[in-house]
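Chemist: Structure provided below as C-alpha coordinates; questions to follow.
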Amino acid sequence: MSEVKVSVIIPVYNGAKVISQAIDSALNQDVPLEVIVIDDCSSDDIDDVMASYKNDPRVRFEKNESNSGVAKTRNRGVAMSGAEYVAFLDADDIWREGKLKKQIAAMEAQNAVLSSTGRELMDASGKTTGRVIPIIERIEYKDILKHNMLSTSAVVVKREVMQKYPMEHDDSHEDYITWMKIIKEYGFAIGIDEPFLMYRLSEGSKSGNKFKSARMTYKAYRYAGLGIYSSLIHFITYAFNGVKKYYG
(Lines give C-alpha, C1' and ligand atoms only; values in the text may rest on other atoms or scores of the structure.)
Protein backbone atom coordinates (compact mmCIF):
# COMPACT_ATOMS: atom_id res chain seq x y z
CA MET A 1 0.00 0.00 0.00
CA SER A 2 2.64 2.51 -1.11
CA GLU A 3 -0.03 5.18 -1.69
CA VAL A 4 -1.01 5.23 1.98
CA LYS A 5 -0.73 8.73 3.47
CA VAL A 6 -1.79 7.98 7.05
CA SER A 7 -1.59 4.97 9.33
CA VAL A 8 -4.42 5.02 11.87
CA ILE A 9 -3.34 3.16 14.99
CA ILE A 10 -6.08 1.72 17.19
CA PRO A 11 -5.01 -0.15 20.35
CA VAL A 12 -7.80 -2.22 21.83
CA TYR A 13 -8.33 -4.06 25.09
CA ASN A 14 -11.80 -5.55 25.63
CA GLY A 15 -13.32 -2.99 23.30
CA ALA A 16 -15.33 -5.32 21.07
CA LYS A 17 -18.61 -3.52 21.78
CA VAL A 18 -17.43 -0.14 20.54
CA ILE A 19 -14.48 -0.61 18.18
CA SER A 20 -16.55 -0.92 14.98
CA GLN A 21 -17.64 2.70 15.34
CA ALA A 22 -14.01 3.78 15.66
CA ILE A 23 -12.82 1.74 12.67
CA ASP A 24 -15.71 2.86 10.46
CA SER A 25 -15.11 6.51 11.33
CA ALA A 26 -11.48 6.08 10.25
CA LEU A 27 -12.39 4.32 7.01
CA ASN A 28 -14.80 7.17 6.19
CA GLN A 29 -11.93 9.68 6.11
CA ASP A 30 -11.19 11.03 2.63
CA VAL A 31 -7.42 10.42 2.57
CA PRO A 32 -5.49 7.27 1.56
CA LEU A 33 -4.97 5.34 4.77
CA GLU A 34 -4.56 2.07 6.55
CA VAL A 35 -6.06 1.12 9.90
CA ILE A 36 -3.79 -0.86 12.22
CA VAL A 37 -5.77 -2.48 15.03
CA ILE A 38 -3.64 -4.09 17.75
CA ASP A 39 -5.30 -6.28 20.35
CA ASP A 40 -3.58 -6.12 23.73
CA CYS A 41 -4.73 -9.60 24.89
CA SER A 42 -8.46 -8.95 25.13
CA SER A 43 -10.75 -11.53 26.71
CA ASP A 44 -13.90 -10.51 24.82
CA ASP A 45 -15.04 -11.43 21.30
CA ILE A 46 -12.78 -8.98 19.46
CA ASP A 47 -11.79 -11.69 16.96
CA ASP A 48 -15.41 -12.05 15.82
CA VAL A 49 -15.78 -8.29 15.40
CA MET A 50 -12.56 -7.98 13.42
CA ALA A 51 -13.53 -10.88 11.15
CA SER A 52 -16.02 -8.55 9.46
CA TYR A 53 -13.09 -6.45 8.18
CA LYS A 54 -10.95 -9.33 6.89
CA ASN A 55 -11.75 -8.55 3.25
CA ASP A 56 -10.90 -4.85 3.54
CA PRO A 57 -7.24 -4.41 2.53
CA ARG A 58 -7.08 -1.13 4.44
CA VAL A 59 -7.51 -2.89 7.79
CA ARG A 60 -4.70 -4.79 9.52
CA PHE A 61 -5.36 -6.77 12.69
CA GLU A 62 -2.48 -7.77 14.94
CA LYS A 63 -2.21 -9.24 18.43
CA ASN A 64 0.30 -8.65 21.20
CA GLU A 65 1.81 -11.83 22.58
CA SER A 66 1.38 -10.49 26.11
CA ASN A 67 -0.49 -7.59 27.67
CA SER A 68 1.83 -4.65 26.96
CA GLY A 69 -0.16 -1.53 27.84
CA VAL A 70 -1.31 1.28 25.60
CA ALA A 71 2.06 3.04 25.20
CA LYS A 72 3.95 0.00 23.89
CA THR A 73 0.96 -0.99 21.77
CA ARG A 74 0.85 2.41 20.08
CA ASN A 75 4.62 2.29 19.58
CA ARG A 76 4.26 -1.09 17.90
CA GLY A 77 1.71 0.43 15.54
CA VAL A 78 4.11 3.25 14.67
CA ALA A 79 6.84 0.69 13.95
CA MET A 80 4.48 -1.18 11.60
CA SER A 81 3.56 1.99 9.71
CA GLY A 82 5.12 2.94 6.41
CA ALA A 83 3.03 6.07 5.93
CA GLU A 84 4.13 9.69 6.13
CA TYR A 85 1.77 10.40 9.01
CA VAL A 86 0.36 8.43 11.92
CA ALA A 87 -2.91 9.17 13.67
CA PHE A 88 -4.05 7.68 16.95
CA LEU A 89 -7.61 6.61 17.67
CA ASP A 90 -8.75 4.87 20.84
CA ALA A 91 -11.18 2.00 20.36
CA ASP A 92 -14.04 3.81 22.11
CA ASP A 93 -13.70 7.16 20.31
CA ILE A 94 -15.15 8.33 16.98
CA TRP A 95 -13.97 10.73 14.27
CA ARG A 96 -16.15 13.03 12.24
CA GLU A 97 -15.69 13.11 8.47
CA GLY A 98 -13.02 15.40 7.08
CA LYS A 99 -10.77 15.28 10.15
CA LEU A 100 -7.58 13.88 8.64
CA LYS A 101 -7.81 15.85 5.39
CA LYS A 102 -8.11 19.16 7.22
CA GLN A 103 -5.28 18.38 9.63
CA ILE A 104 -2.85 17.25 6.97
CA ALA A 105 -3.61 20.27 4.77
CA ALA A 106 -2.94 22.60 7.71
CA MET A 107 0.27 20.79 8.66
CA GLU A 108 1.63 20.92 5.13
CA ALA A 109 0.71 24.59 4.73
CA GLN A 110 2.45 25.55 7.99
CA ASN A 111 5.30 23.03 7.89
CA ALA A 112 4.16 21.49 11.18
CA VAL A 113 4.91 18.00 12.47
CA LEU A 114 1.99 17.71 14.90
CA SER A 115 -1.66 18.72 14.98
CA SER A 116 -4.78 18.10 17.02
CA THR A 117 -8.44 19.08 16.93
CA GLY A 118 -11.18 20.12 19.29
CA ARG A 119 -13.44 17.44 20.74
CA GLU A 120 -17.00 16.83 21.84
CA LEU A 121 -17.56 14.72 24.94
CA MET A 122 -19.77 11.63 24.96
CA ASP A 123 -20.92 9.67 27.99
CA ALA A 124 -20.05 5.99 28.39
CA SER A 125 -23.05 4.96 26.27
CA GLY A 126 -21.96 7.13 23.35
CA LYS A 127 -24.53 9.88 23.89
CA THR A 128 -23.21 13.39 23.47
CA THR A 129 -23.02 15.51 26.61
CA GLY A 130 -23.18 18.71 24.59
CA ARG A 131 -19.82 19.75 26.04
CA VAL A 132 -17.21 20.83 23.46
CA ILE A 133 -13.55 21.26 24.41
CA PRO A 134 -11.91 23.88 22.15
CA ILE A 135 -8.26 24.10 21.19
CA ILE A 136 -6.07 27.08 20.37
CA GLU A 137 -4.79 27.41 16.81
CA ARG A 138 -1.07 27.50 17.64
CA ILE A 139 0.22 25.47 20.57
CA GLU A 140 3.68 26.40 21.80
CA TYR A 141 5.77 24.84 24.57
CA LYS A 142 4.57 27.35 27.17
CA ASP A 143 0.99 26.40 26.30
CA ILE A 144 1.40 22.63 26.51
CA LEU A 145 3.09 23.00 29.91
CA LYS A 146 -0.07 24.63 31.30
CA HIS A 147 -2.29 21.67 30.43
CA ASN A 148 -2.53 18.86 27.90
CA MET A 149 -4.89 20.28 25.33
CA LEU A 150 -4.03 17.52 22.83
CA SER A 151 -6.34 14.53 23.07
CA THR A 152 -4.46 11.51 21.69
CA SER A 153 -7.38 10.39 19.56
CA ALA A 154 -7.29 13.82 17.87
CA VAL A 155 -3.57 13.83 17.08
CA VAL A 156 -1.86 13.48 13.71
CA VAL A 157 1.94 13.44 13.75
CA LYS A 158 4.76 12.84 11.30
CA ARG A 159 5.78 9.19 11.59
CA GLU A 160 9.51 9.96 11.71
CA VAL A 161 8.91 12.33 14.62
CA MET A 162 6.86 9.74 16.48
CA GLN A 163 9.66 7.23 15.99
CA LYS A 164 12.06 9.70 17.57
CA TYR A 165 9.79 10.29 20.56
CA PRO A 166 7.94 7.02 21.34
CA MET A 167 5.44 6.88 24.16
CA GLU A 168 6.98 5.77 27.44
CA HIS A 169 6.07 5.51 31.14
CA ASP A 170 2.69 3.81 31.40
CA ASP A 171 2.62 4.85 35.07
CA SER A 172 2.10 8.41 33.90
CA HIS A 173 0.40 10.25 31.02
CA GLU A 174 2.63 8.77 28.33
CA ASP A 175 1.00 10.76 25.54
CA TYR A 176 1.44 14.10 27.34
CA ILE A 177 5.14 13.42 27.87
CA THR A 178 5.59 12.79 24.14
CA TRP A 179 3.68 15.92 23.09
CA MET A 180 5.77 18.08 25.45
CA LYS A 181 9.01 16.70 24.03
CA ILE A 182 7.92 17.13 20.41
CA ILE A 183 6.65 20.69 20.83
CA LYS A 184 9.76 21.67 22.78
CA GLU A 185 11.97 20.59 19.85
CA TYR A 186 9.83 21.65 16.90
CA GLY A 187 8.43 24.85 18.38
CA PHE A 188 4.70 24.46 17.93
CA ALA A 189 1.75 22.26 17.04
CA ILE A 190 -1.38 23.19 15.10
CA GLY A 191 -4.83 23.23 16.64
CA ILE A 192 -7.94 22.81 14.47
CA ASP A 193 -10.68 24.33 16.60
CA GLU A 194 -13.48 22.09 15.39
CA PRO A 195 -14.85 19.07 17.32
CA PHE A 196 -13.74 16.45 14.81
CA LEU A 197 -13.26 14.00 17.69
CA MET A 198 -16.12 12.45 19.64
CA TYR A 199 -14.42 11.54 22.91
CA ARG A 200 -16.01 8.94 25.19
CA LEU A 201 -15.81 9.55 28.92
CA SER A 202 -15.13 6.46 31.00
CA GLU A 203 -14.51 6.01 34.70
CA GLY A 204 -12.37 3.01 33.84
CA SER A 205 -9.82 5.12 32.00
CA LYS A 206 -6.43 6.04 33.41
CA SER A 207 -7.68 9.58 33.96
CA GLY A 208 -10.99 8.56 35.51
CA ASN A 209 -9.64 8.81 39.06
CA LYS A 210 -8.77 12.49 39.38
CA PHE A 211 -6.39 12.06 42.29
CA LYS A 212 -4.53 9.31 40.45
CA SER A 213 -4.48 11.46 37.33
CA ALA A 214 -3.00 14.34 39.30
CA ARG A 215 -0.12 12.17 40.49
CA MET A 216 0.48 10.97 36.94
CA THR A 217 0.54 14.55 35.67
CA TYR A 218 3.27 15.51 38.12
CA LYS A 219 5.23 12.43 37.03
CA ALA A 220 4.77 13.48 33.39
CA TYR A 221 6.50 16.80 34.05
CA ARG A 222 9.38 15.02 35.76
CA TYR A 223 9.70 12.43 32.96
CA ALA A 224 9.68 15.28 30.42
CA GLY A 225 12.78 16.72 32.10
CA LEU A 226 11.37 19.50 34.29
CA GLY A 227 12.86 20.11 37.75
CA ILE A 228 10.93 19.63 40.98
CA TYR A 229 10.08 23.32 41.46
CA SER A 230 9.12 23.87 37.83
CA SER A 231 7.01 20.68 37.87
CA LEU A 232 5.10 21.90 40.94
CA ILE A 233 4.42 25.33 39.46
CA HIS A 234 3.17 23.89 36.17
CA PHE A 235 1.14 21.25 37.99
CA ILE A 236 -0.81 23.96 39.85
CA THR A 237 -1.61 25.64 36.53
CA TYR A 238 -2.51 22.26 35.04
CA ALA A 239 -4.95 21.52 37.88
CA PHE A 240 -6.66 24.90 37.49
CA ASN A 241 -7.06 24.47 33.73
CA GLY A 242 -8.33 20.92 34.19
CA VAL A 243 -11.17 22.07 36.43
CA LYS A 244 -11.99 24.89 34.04
CA LYS A 245 -11.93 22.57 31.01
CA TYR A 246 -14.35 19.95 32.29
CA TYR A 247 -16.56 21.97 34.62
CA GLY A 248 -16.56 25.37 32.93
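In the C-alpha coordinates, the first chain shown is A, the next is B, and so on; residue numbers restart at 1 for each chain, and ligands run from 1 in the order shown.
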If you count only C-alpha atoms, which residues fall within 6 Å of stretch 96-100 of chain A, apart from same-chain ones fewer than 3 positions away, as JSON, numbers by chain?

Modeler: {"A": [29, 103, 196]}

Chemist: Extract the full set of helix (DSSP H, G or I) residues from stretch 27-223 of chain A according to DSSP on the backbone, and format it as a ChimeraX atom specification.

Modeler: /A:27,46-51,70-80,99-110,141-146,152-154,159-164,174-186,210-223

Chemist: Quick one: residues within 10 Å of stretch 160-170 of chain A, only C-alpha atoms, excluding same-chain residues fewer than 4 positions away - as a ChimeraX atom specification?

Modeler: /A:68-76,78-79,82-86,113-114,156,174-179,181-182,186,206,216,219-220,223

Chemist: Tell me which of A:Ala26, A:His234, A:Gly227, A:Tyr218 sits closest to A:Asp143, counting only C-alpha atoms.

Modeler: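 Closest candidate: A:His234.
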
Chemist: In Å, with one decimal, what is the gap from atom CA of A:Ala22 to atom CA of A:Gly126?

Modeler: 11.6 Å

Chemist: Might you pull out every residue within 12 Å of A:Ser230, with only C-alpha atoms counted and same-chain residues fewer than 4 positions away left off, and present them as a list in words?

Modeler: Leu145, Lys146, Tyr218, Tyr221, Arg222, Ala224, Gly225, Leu226, His234, Phe235, Ile236 and Thr237 of chain A

Chemist: Using only C-alpha atoms, which residue out of A:Tyr13, A:Phe88, A:Tyr141, A:Ile190 lies closest to A:Ala112?

Modeler: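 Using only C-alpha atoms, A:Ala112 sits closest to A:Ile190.
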